[in-house]
file final_18.tsv (TSV, N, CA and C atoms and all ligand atoms)
chain	number	residue	atom	x	y	z
A	1	MET	N	0.84	-1.21	0.00
A	1	MET	CA	0.00	0.00	0.00
A	1	MET	C	0.87	1.25	0.00
A	2	ARG	N	0.43	2.26	-0.66
A	2	ARG	CA	1.26	3.46	-0.80
A	2	ARG	C	1.09	4.39	0.39
A	3	CYS	N	2.07	5.23	0.57
A	3	CYS	CA	2.05	6.17	1.69
A	3	CYS	C	0.83	7.08	1.60
A	4	ALA	N	0.51	7.51	0.39
A	4	ALA	CA	-0.62	8.43	0.23
A	4	ALA	C	-1.90	7.82	0.79
A	5	HIS	N	-2.01	6.52	0.60
A	5	HIS	CA	-3.20	5.83	1.10
A	5	HIS	C	-3.26	5.89	2.62
A	6	PHE	N	-2.09	5.65	3.25
A	6	PHE	CA	-2.05	5.69	4.71
A	6	PHE	C	-2.30	7.11	5.22
A	7	ARG	N	-1.81	8.08	4.48
A	7	ARG	CA	-2.01	9.46	4.93
A	7	ARG	C	-3.48	9.86	4.84
A	8	THR	N	-4.13	9.39	3.82
A	8	THR	CA	-5.57	9.65	3.72
A	8	THR	C	-6.29	9.05	4.91
A	9	ALA	N	-5.90	7.81	5.24
A	9	ALA	CA	-6.53	7.13	6.37
A	9	ALA	C	-6.20	7.86	7.67
A	10	LEU	N	-4.96	8.32	7.78
A	10	LEU	CA	-4.53	9.02	8.99
A	10	LEU	C	-5.31	10.32	9.15
A	11	SER	N	-5.47	11.02	8.06
A	11	SER	CA	-6.23	12.26	8.09
A	11	SER	C	-7.67	12.00	8.50
A	12	ALA	N	-8.23	10.92	7.98
A	12	ALA	CA	-9.60	10.57	8.36
A	12	ALA	C	-9.68	10.26	9.84
A	13	ARG	N	-8.66	9.56	10.34
A	13	ARG	CA	-8.68	9.21	11.76
A	13	ARG	C	-8.58	10.46	12.63
A	14	LEU	N	-7.77	11.42	12.19
A	14	LEU	CA	-7.67	12.67	12.94
A	14	LEU	C	-9.01	13.39	12.99
A	15	ASP	N	-9.76	13.27	11.93
A	15	ASP	CA	-11.06	13.92	11.87
A	15	ASP	C	-12.15	13.09	12.54
A	16	GLY	N	-11.77	11.91	13.04
A	16	GLY	CA	-12.75	11.04	13.66
A	16	GLY	C	-13.66	10.36	12.66
A	17	GLU	N	-13.16	10.26	11.42
A	17	GLU	CA	-13.95	9.60	10.38
A	17	GLU	C	-13.41	8.19	10.16
A	18	PRO	N	-14.21	7.34	9.56
A	18	PRO	CA	-13.74	5.97	9.27
A	18	PRO	C	-12.57	6.01	8.30
A	19	THR	N	-11.52	5.25	8.62
A	19	THR	CA	-10.30	5.29	7.83
A	19	THR	C	-10.35	4.34	6.65
A	20	GLY	N	-11.17	3.35	6.72
A	20	GLY	CA	-11.24	2.37	5.65
A	20	GLY	C	-10.21	1.28	5.79
A	21	LEU	N	-9.38	1.37	6.81
A	21	LEU	CA	-8.47	0.27	7.07
A	21	LEU	C	-8.24	0.15	8.57
A	22	PRO	N	-7.81	-1.03	9.01
A	22	PRO	CA	-7.66	-1.26	10.45
A	22	PRO	C	-6.62	-0.33	11.07
A	23	ASP	N	-6.91	0.16	12.27
A	23	ASP	CA	-5.99	1.05	12.98
A	23	ASP	C	-4.61	0.44	13.11
A	24	ARG	N	-4.58	-0.85	13.37
A	24	ARG	CA	-3.29	-1.51	13.60
A	24	ARG	C	-2.43	-1.44	12.35
A	25	ARG	N	-3.09	-1.57	11.22
A	25	ARG	CA	-2.37	-1.53	9.95
A	25	ARG	C	-1.76	-0.14	9.76
A	26	LEU	N	-2.56	0.86	10.07
A	26	LEU	CA	-2.10	2.24	9.95
A	26	LEU	C	-0.96	2.51	10.93
A	27	ASP	N	-1.14	2.08	12.16
A	27	ASP	CA	-0.11	2.31	13.18
A	27	ASP	C	1.19	1.59	12.82
A	28	LYS	N	1.04	0.43	12.24
A	28	LYS	CA	2.23	-0.34	11.87
A	28	LYS	C	3.02	0.42	10.80
A	29	HIS	N	2.29	0.98	9.85
A	29	HIS	CA	2.98	1.74	8.81
A	29	HIS	C	3.63	2.98	9.42
A	30	LEU	N	2.92	3.64	10.31
A	30	LEU	CA	3.47	4.85	10.93
A	30	LEU	C	4.73	4.52	11.73
A	31	ALA	N	4.74	3.35	12.36
A	31	ALA	CA	5.91	2.96	13.14
A	31	ALA	C	7.11	2.74	12.24
A	32	ARG	N	6.85	2.37	11.01
A	32	ARG	CA	7.95	2.05	10.11
A	32	ARG	C	8.32	3.21	9.20
A	33	CYS	N	7.36	4.10	8.96
A	33	CYS	CA	7.56	5.12	7.94
A	33	CYS	C	7.68	6.49	8.60
A	34	ALA	N	8.89	7.00	8.67
A	34	ALA	CA	9.13	8.28	9.34
A	34	ALA	C	8.43	9.41	8.60
A	35	ALA	N	8.38	9.32	7.29
A	35	ALA	CA	7.76	10.40	6.50
A	35	ALA	C	6.29	10.54	6.84
A	36	CYS	N	5.60	9.41	6.95
A	36	CYS	CA	4.18	9.45	7.28
A	36	CYS	C	3.97	9.88	8.73
A	37	ARG	N	4.91	9.49	9.58
A	37	ARG	CA	4.81	9.90	10.98
A	37	ARG	C	4.90	11.43	11.05
A	38	ALA	N	5.88	11.99	10.36
A	38	ALA	CA	6.04	13.44	10.36
A	38	ALA	C	4.81	14.11	9.75
A	39	TRP	N	4.33	13.50	8.69
A	39	TRP	CA	3.13	14.06	8.04
A	39	TRP	C	1.96	14.06	9.02
A	40	GLY	N	1.84	12.97	9.75
A	40	GLY	CA	0.73	12.84	10.70
A	40	GLY	C	0.83	13.88	11.80
A	41	GLU	N	2.07	14.12	12.28
A	41	GLU	CA	2.23	15.12	13.34
A	41	GLU	C	1.87	16.51	12.82
A	42	ARG	N	2.29	16.77	11.58
A	42	ARG	CA	1.97	18.07	10.99
A	42	ARG	C	0.46	18.23	10.81
A	43	ALA	N	-0.14	17.16	10.33
A	43	ALA	CA	-1.59	17.21	10.10
A	43	ALA	C	-2.33	17.42	11.41
A	44	GLU	N	-1.80	16.80	12.47
A	44	GLU	CA	-2.45	16.93	13.77
A	44	GLU	C	-2.34	18.37	14.29
A	45	ARG	N	-1.15	18.94	14.13
A	45	ARG	CA	-0.98	20.34	14.56
A	45	ARG	C	-1.89	21.25	13.77
A	46	LEU	N	-1.91	21.01	12.47
A	46	LEU	CA	-2.75	21.84	11.59
A	46	LEU	C	-4.21	21.73	12.00
A	47	ARG	N	-4.61	20.50	12.28
A	47	ARG	CA	-6.01	20.29	12.67
A	47	ARG	C	-6.31	21.02	13.97
A	48	ASP	N	-5.38	20.96	14.93
A	48	ASP	CA	-5.60	21.67	16.19
A	48	ASP	C	-5.80	23.15	15.94
A	49	ARG	N	-4.98	23.70	15.04
A	49	ARG	CA	-5.09	25.12	14.76
A	49	ARG	C	-6.43	25.44	14.10
A	50	VAL	N	-6.84	24.57	13.20
A	50	VAL	CA	-8.13	24.79	12.51
A	50	VAL	C	-9.27	24.72	13.52
A	51	VAL	N	-9.15	23.77	14.44
A	51	VAL	CA	-10.21	23.62	15.45
A	51	VAL	C	-10.26	24.88	16.31
A	52	GLU	N	-9.09	25.38	16.71
A	52	GLU	CA	-9.07	26.60	17.52
A	52	GLU	C	-9.66	27.76	16.74
A	53	ALA	N	-9.22	27.91	15.51
A	53	ALA	CA	-9.72	29.00	14.68
A	53	ALA	C	-11.22	28.85	14.46
A	54	GLY	N	-11.64	27.60	14.28
A	54	GLY	CA	-13.07	27.37	14.06
A	54	GLY	C	-13.89	27.75	15.28
A	55	ALA	N	-13.33	27.49	16.48
A	55	ALA	CA	-14.06	27.81	17.70
A	55	ALA	C	-14.22	29.32	17.83
A	56	ALA	N	-13.19	30.07	17.39
A	56	ALA	CA	-13.26	31.52	17.53
A	56	ALA	C	-13.88	32.16	16.30
A	57	GLY	N	-13.93	31.43	15.20
A	57	GLY	CA	-14.37	32.03	13.95
A	57	GLY	C	-15.87	32.02	13.75
A	58	PRO	N	-16.38	31.04	13.03
A	58	PRO	CA	-17.82	31.06	12.71
A	58	PRO	C	-18.66	30.75	13.93
A	59	SER	N	-18.54	31.57	14.94
A	59	SER	CA	-19.33	31.40	16.15
A	59	SER	C	-20.64	32.16	15.99
A	60	ALA	N	-21.38	32.25	17.06
A	60	ALA	CA	-22.62	33.02	17.03
A	60	ALA	C	-22.31	34.49	16.73
A	61	ASP	N	-21.22	34.99	17.34
A	61	ASP	CA	-20.84	36.39	17.11
A	61	ASP	C	-20.56	36.62	15.63
A	62	TRP	N	-19.77	35.68	15.06
A	62	TRP	CA	-19.37	35.84	13.65
A	62	TRP	C	-20.61	35.85	12.77
A	63	SER	N	-21.52	34.92	13.03
A	63	SER	CA	-22.73	34.84	12.22
A	63	SER	C	-23.56	36.11	12.38
A	64	ALA	N	-23.63	36.60	13.60
A	64	ALA	CA	-24.41	37.82	13.85
A	64	ALA	C	-23.80	38.99	13.09
A	65	ALA	N	-22.46	39.06	13.10
A	65	ALA	CA	-21.79	40.15	12.39
A	65	ALA	C	-22.06	40.05	10.90
A	66	LEU	N	-22.03	38.83	10.39
A	66	LEU	CA	-22.28	38.63	8.96
A	66	LEU	C	-23.70	39.08	8.62
A	67	LEU	N	-24.64	38.64	9.43
A	67	LEU	CA	-26.04	39.01	9.18
A	67	LEU	C	-26.21	40.53	9.28
A	68	ALA	N	-25.53	41.14	10.24
A	68	ALA	CA	-25.62	42.59	10.40
A	68	ALA	C	-25.08	43.28	9.15
A	69	ASN	N	-23.97	42.73	8.64
A	69	ASN	CA	-23.39	43.30	7.42
A	69	ASN	C	-24.37	43.21	6.25
A	70	LEU	N	-24.95	42.04	6.10
A	70	LEU	CA	-25.89	41.85	5.00
A	70	LEU	C	-27.09	42.77	5.17
A	71	GLY	N	-27.57	42.88	6.41
A	71	GLY	CA	-28.71	43.75	6.67
A	71	GLY	C	-28.36	45.20	6.36
A	72	GLY	N	-27.14	45.62	6.76
A	72	GLY	CA	-26.72	46.99	6.50
A	72	GLY	C	-26.70	47.29	5.02
A	73	TYR	N	-26.25	46.32	4.26
A	73	TYR	CA	-26.24	46.48	2.80
A	73	TYR	C	-27.63	46.82	2.29
A	74	GLY	N	-28.59	46.00	2.70
A	74	GLY	CA	-29.96	46.19	2.21
A	74	GLY	C	-30.51	47.54	2.62
A	75	ALA	N	-30.31	47.90	3.89
A	75	ALA	CA	-30.84	49.17	4.38
A	75	ALA	C	-30.20	50.33	3.63
A	76	GLY	N	-28.89	50.23	3.37
A	76	GLY	CA	-28.21	51.30	2.66
A	76	GLY	C	-28.78	51.49	1.26
A	77	ALA	N	-28.99	50.42	0.56
A	77	ALA	CA	-29.52	50.51	-0.79
A	77	ALA	C	-30.91	51.15	-0.78
A	78	ASP	N	-31.71	50.76	0.20
A	78	ASP	CA	-33.04	51.35	0.31
A	78	ASP	C	-32.95	52.85	0.53
A	79	ARG	N	-32.01	53.25	1.40
A	79	ARG	CA	-31.91	54.66	1.74
A	79	ARG	C	-31.49	55.46	0.50
A	80	VAL	N	-30.56	54.93	-0.27
A	80	VAL	CA	-30.12	55.63	-1.49
A	80	VAL	C	-31.28	55.79	-2.46
A	81	GLY	N	-32.06	54.72	-2.61
A	81	GLY	CA	-33.17	54.79	-3.55
A	81	GLY	C	-34.24	55.78	-3.11
A	82	ALA	N	-34.42	55.89	-1.78
A	82	ALA	CA	-35.50	56.74	-1.29
A	82	ALA	C	-35.05	58.19	-1.14
A	83	ASP	N	-33.77	58.46	-1.31
A	83	ASP	CA	-33.26	59.82	-1.11
A	83	ASP	C	-33.14	60.54	-2.45
A	84	PRO	N	-34.04	61.40	-2.81
A	84	PRO	CA	-34.04	62.03	-4.14
A	84	PRO	C	-32.91	63.05	-4.32
A	85	ALA	N	-32.54	63.73	-3.26
A	85	ALA	CA	-31.50	64.76	-3.37
A	85	ALA	C	-30.14	64.12	-3.64
A	86	GLY	N	-29.87	62.99	-3.00
A	86	GLY	CA	-28.55	62.39	-3.11
A	86	GLY	C	-28.33	61.67	-4.43
A	87	ALA	N	-28.74	60.42	-4.47
A	87	ALA	CA	-28.45	59.59	-5.64
A	87	ALA	C	-29.32	60.01	-6.83
A	88	GLY	N	-30.52	60.41	-6.57
A	88	GLY	CA	-31.43	60.78	-7.66
A	88	GLY	C	-30.89	61.93	-8.48
A	89	GLY	N	-30.45	62.97	-7.80
A	89	GLY	CA	-29.93	64.13	-8.52
A	89	GLY	C	-28.72	63.79	-9.35
A	90	ALA	N	-27.82	63.04	-8.74
A	90	ALA	CA	-26.59	62.68	-9.46
A	90	ALA	C	-26.92	61.86	-10.70
A	91	ALA	N	-27.87	60.95	-10.56
A	91	ALA	CA	-28.22	60.09	-11.68
A	91	ALA	C	-28.84	60.93	-12.81
A	92	ALA	N	-29.67	61.89	-12.46
A	92	ALA	CA	-30.30	62.73	-13.48
A	92	ALA	C	-29.25	63.55	-14.22
A	93	ASP	N	-28.29	64.09	-13.47
A	93	ASP	CA	-27.20	64.85	-14.10
A	93	ASP	C	-26.44	64.00	-15.10
A	94	GLY	N	-26.15	62.77	-14.65
A	94	GLY	CA	-25.40	61.88	-15.52
A	94	GLY	C	-26.16	61.61	-16.81
A	95	LEU	N	-27.42	61.36	-16.70
A	95	LEU	CA	-28.23	61.06	-17.89
A	95	LEU	C	-28.26	62.27	-18.83
A	96	GLY	N	-28.43	63.44	-18.26
A	96	GLY	CA	-28.49	64.64	-19.08
A	96	GLY	C	-27.20	64.86	-19.84
A	97	ALA	N	-26.07	64.59	-19.18
A	97	ALA	CA	-24.78	64.84	-19.82
A	97	ALA	C	-24.57	63.91	-21.00
A	98	THR	N	-25.01	62.66	-20.85
A	98	THR	CA	-24.75	61.71	-21.93
A	98	THR	C	-25.80	61.83	-23.02
A	99	GLY	N	-27.04	62.07	-22.65
A	99	GLY	CA	-28.10	62.08	-23.65
A	99	GLY	C	-28.32	63.46	-24.25
A	100	GLY	N	-27.85	64.49	-23.59
A	100	GLY	CA	-28.16	65.86	-24.00
A	100	GLY	C	-27.62	66.26	-25.37
A	101	PRO	N	-26.33	66.22	-25.56
A	101	PRO	CA	-25.75	66.76	-26.80
A	101	PRO	C	-26.23	66.03	-28.05
A	102	GLY	N	-26.47	64.77	-27.93
A	102	GLY	CA	-26.89	64.00	-29.10
A	102	GLY	C	-28.30	64.31	-29.53
A	103	GLN	N	-29.22	63.71	-28.81
A	103	GLN	CA	-30.62	63.90	-29.19
A	103	GLN	C	-31.38	64.74	-28.20
A	104	GLY	N	-30.77	64.88	-27.01
A	104	GLY	CA	-31.48	65.60	-25.97
A	104	GLY	C	-32.73	64.88	-25.59
A	105	ASP	N	-33.55	65.50	-24.78
A	105	ASP	CA	-34.85	64.92	-24.52
A	105	ASP	C	-35.95	65.83	-25.08
A	106	GLY	N	-35.58	66.77	-25.87
A	106	GLY	CA	-36.58	67.62	-26.49
A	106	GLY	C	-37.08	68.71	-25.59
A	107	GLY	N	-37.06	68.45	-24.29
A	107	GLY	CA	-37.67	69.41	-23.37
A	107	GLY	C	-36.84	70.66	-23.20
A	108	SER	N	-35.53	70.49	-22.97
A	108	SER	CA	-34.72	71.64	-22.62
A	108	SER	C	-34.01	72.23	-23.84
A	109	ALA	N	-33.94	71.51	-24.92
A	109	ALA	CA	-33.22	72.01	-26.09
A	109	ALA	C	-34.03	73.10	-26.79
A	110	PRO	N	-33.46	74.27	-27.07
A	110	PRO	CA	-34.20	75.38	-27.71
A	110	PRO	C	-34.26	75.18	-29.22
A	111	GLU	N	-35.05	74.22	-29.66
A	111	GLU	CA	-35.06	73.88	-31.09
A	111	GLU	C	-36.11	74.70	-31.86
A	112	ARG	N	-37.25	74.94	-31.23
A	112	ARG	CA	-38.28	75.61	-31.99
A	112	ARG	C	-38.36	77.11	-31.81
B	1	ZN	ZN	4.48	6.13	4.65
call {"tool": "encode", "arguments": {"input": "final_18.tsv", "output": "structure tokens"}}
result
Amino acid sequence: MRCAHFRTALSARLDGEPTGLPDRRLDKHLARCAACRAWGERAERLRDRVVEAGAAGPSADWSAALLANLGGYGAGADRVGADPAGAGGAAADGLGATGGPGQGDGGSAPER
């Protein structure tokens, strides 16, 4: 069996998932294979760090902050749409500048 296979199994065991092969078989390989042993130690450290980060990361606070951010986005967009002086005026100016010289809108152009 190849080392990669044992490492997959080792990773699964670290995650508490079924390894697909007997523990003894995995341990026997680890006892003989320094590379896999080192890999396993690294994987274990990495997993510990991920677990720690996970505990501090997507917690209730994190989710609340995310929801607050999403909510703020929606409220902001509503406020811009409902505010005629702010975004409305700017948008009208922009339209006039681009549409004016060409065809205009007929209303303000002194054609007749
Ligand atoms: Zn190995």
call {"tool": "atom_distance", "arguments": {"input": "final_18.tsv", "atom1": "atom CA of A:Thr8", "atom2": "atom CA of A:Glu52"}}
result
22.1 Å
call {"tool": "closest_atom_pairs", "arguments": {"input": "final_18.tsv", "of": "chain A", "to": "ligand ZN 1 (chain B)", "cutoff": "9 Å", "atoms": "only C-alpha atoms and all ligand atoms", "output": "Markdown table"}}
result
| residue | atom | partner | partner_atom | distance |
| --- | --- | --- | --- | --- |
| A:Met1 | CA | B:ZN1 | ZN | 8.9 |
| A:Arg2 | CA | B:ZN1 | ZN | 6.9 |
| A:Cys3 | CA | B:ZN1 | ZN | 3.8 |
| A:Ala4 | CA | B:ZN1 | ZN | 7.1 |
| A:His5 | CA | B:ZN1 | ZN | 8.5 |
| A:Phe6 | CA | B:ZN1 | ZN | 6.5 |
| A:Arg7 | CA | B:ZN1 | ZN | 7.3 |
| A:His29 | CA | B:ZN1 | ZN | 6.2 |
| A:Leu30 | CA | B:ZN1 | ZN | 6.5 |
| A:Arg32 | CA | B:ZN1 | ZN | 7.6 |
| A:Cys33 | CA | B:ZN1 | ZN | 4.6 |
| A:Ala34 | CA | B:ZN1 | ZN | 6.9 |
| A:Ala35 | CA | B:ZN1 | ZN | 5.7 |
| A:Cys36 | CA | B:ZN1 | ZN | 4.2 |
| A:Arg37 | CA | B:ZN1 | ZN | 7.4 |
| A:Trp39 | CA | B:ZN1 | ZN | 8.7 |
call {"tool": "write_last_selection", "arguments": {"input": "final_18.tsv", "atoms": "N, CA and C atoms", "output": "tab-separated table (two decimals), in the frame of the given file"}}
result
chain	number	residue	atom	x	y	z
A	1	MET	N	0.84	-1.21	0.00
A	1	MET	CA	0.00	0.00	0.00
A	1	MET	C	0.87	1.25	0.00
A	2	ARG	N	0.43	2.26	-0.66
A	2	ARG	CA	1.26	3.46	-0.80
A	2	ARG	C	1.09	4.39	0.39
A	3	CYS	N	2.07	5.23	0.57
A	3	CYS	CA	2.05	6.17	1.69
A	3	CYS	C	0.83	7.08	1.60
A	4	ALA	N	0.51	7.51	0.39
A	4	ALA	CA	-0.62	8.43	0.23
A	4	ALA	C	-1.90	7.82	0.79
A	5	HIS	N	-2.01	6.52	0.60
A	5	HIS	CA	-3.20	5.83	1.10
A	5	HIS	C	-3.26	5.89	2.62
A	6	PHE	N	-2.09	5.65	3.25
A	6	PHE	CA	-2.05	5.69	4.71
A	6	PHE	C	-2.30	7.11	5.22
A	7	ARG	N	-1.81	8.08	4.48
A	7	ARG	CA	-2.01	9.46	4.93
A	7	ARG	C	-3.48	9.86	4.84
A	29	HIS	N	2.29	0.98	9.85
A	29	HIS	CA	2.98	1.74	8.81
A	29	HIS	C	3.63	2.98	9.42
A	30	LEU	N	2.92	3.64	10.31
A	30	LEU	CA	3.47	4.85	10.93
A	30	LEU	C	4.73	4.52	11.73
A	32	ARG	N	6.85	2.37	11.01
A	32	ARG	CA	7.95	2.05	10.11
A	32	ARG	C	8.32	3.21	9.20
A	33	CYS	N	7.36	4.10	8.96
A	33	CYS	CA	7.56	5.12	7.94
A	33	CYS	C	7.68	6.49	8.60
A	34	ALA	N	8.89	7.00	8.67
A	34	ALA	CA	9.13	8.28	9.34
A	34	ALA	C	8.43	9.41	8.60
A	35	ALA	N	8.38	9.32	7.29
A	35	ALA	CA	7.76	10.40	6.50
A	35	ALA	C	6.29	10.54	6.84
A	36	CYS	N	5.60	9.41	6.95
A	36	CYS	CA	4.18	9.45	7.28
A	36	CYS	C	3.97	9.88	8.73
A	37	ARG	N	4.91	9.49	9.58
A	37	ARG	CA	4.81	9.90	10.98
A	37	ARG	C	4.90	11.43	11.05
A	39	TRP	N	4.33	13.50	8.69
A	39	TRP	CA	3.13	14.06	8.04
A	39	TRP	C	1.96	14.06	9.02
call {"tool": "atom_distance", "arguments": {"input": "final_18.tsv", "atom1": "atom C of A:Arg24", "atom2": "atom N of A:Ala12"}}
result
14.3 Å
call {"tool": "atom_distance", "arguments": {"input": "final_18.tsv", "atom1": "atom CA of A:Pro22", "atom2": "atom CA of A:Ala9"}}
result
9.4 Å
call {"tool": "residues_around", "arguments": {"input": "final_18.tsv", "residues": "A:Ser11", "least_positions_apart": "4", "cutoff": "8 Å", "atoms": "only C-alpha atoms", "output": "tab-separated table (two decimals) with N, CA and C atoms, in the frame of the given file"}}
result
chain	number	residue	atom	x	y	z
A	7	ARG	N	-1.81	8.08	4.48
A	7	ARG	CA	-2.01	9.46	4.93
A	7	ARG	C	-3.48	9.86	4.84
A	15	ASP	N	-9.76	13.27	11.93
A	15	ASP	CA	-11.06	13.92	11.87
A	15	ASP	C	-12.15	13.09	12.54
A	40	GLY	N	1.84	12.97	9.75
A	40	GLY	CA	0.73	12.84	10.70
A	40	GLY	C	0.83	13.88	11.80
A	43	ALA	N	-0.14	17.16	10.33
A	43	ALA	CA	-1.59	17.21	10.10
A	43	ALA	C	-2.33	17.42	11.41
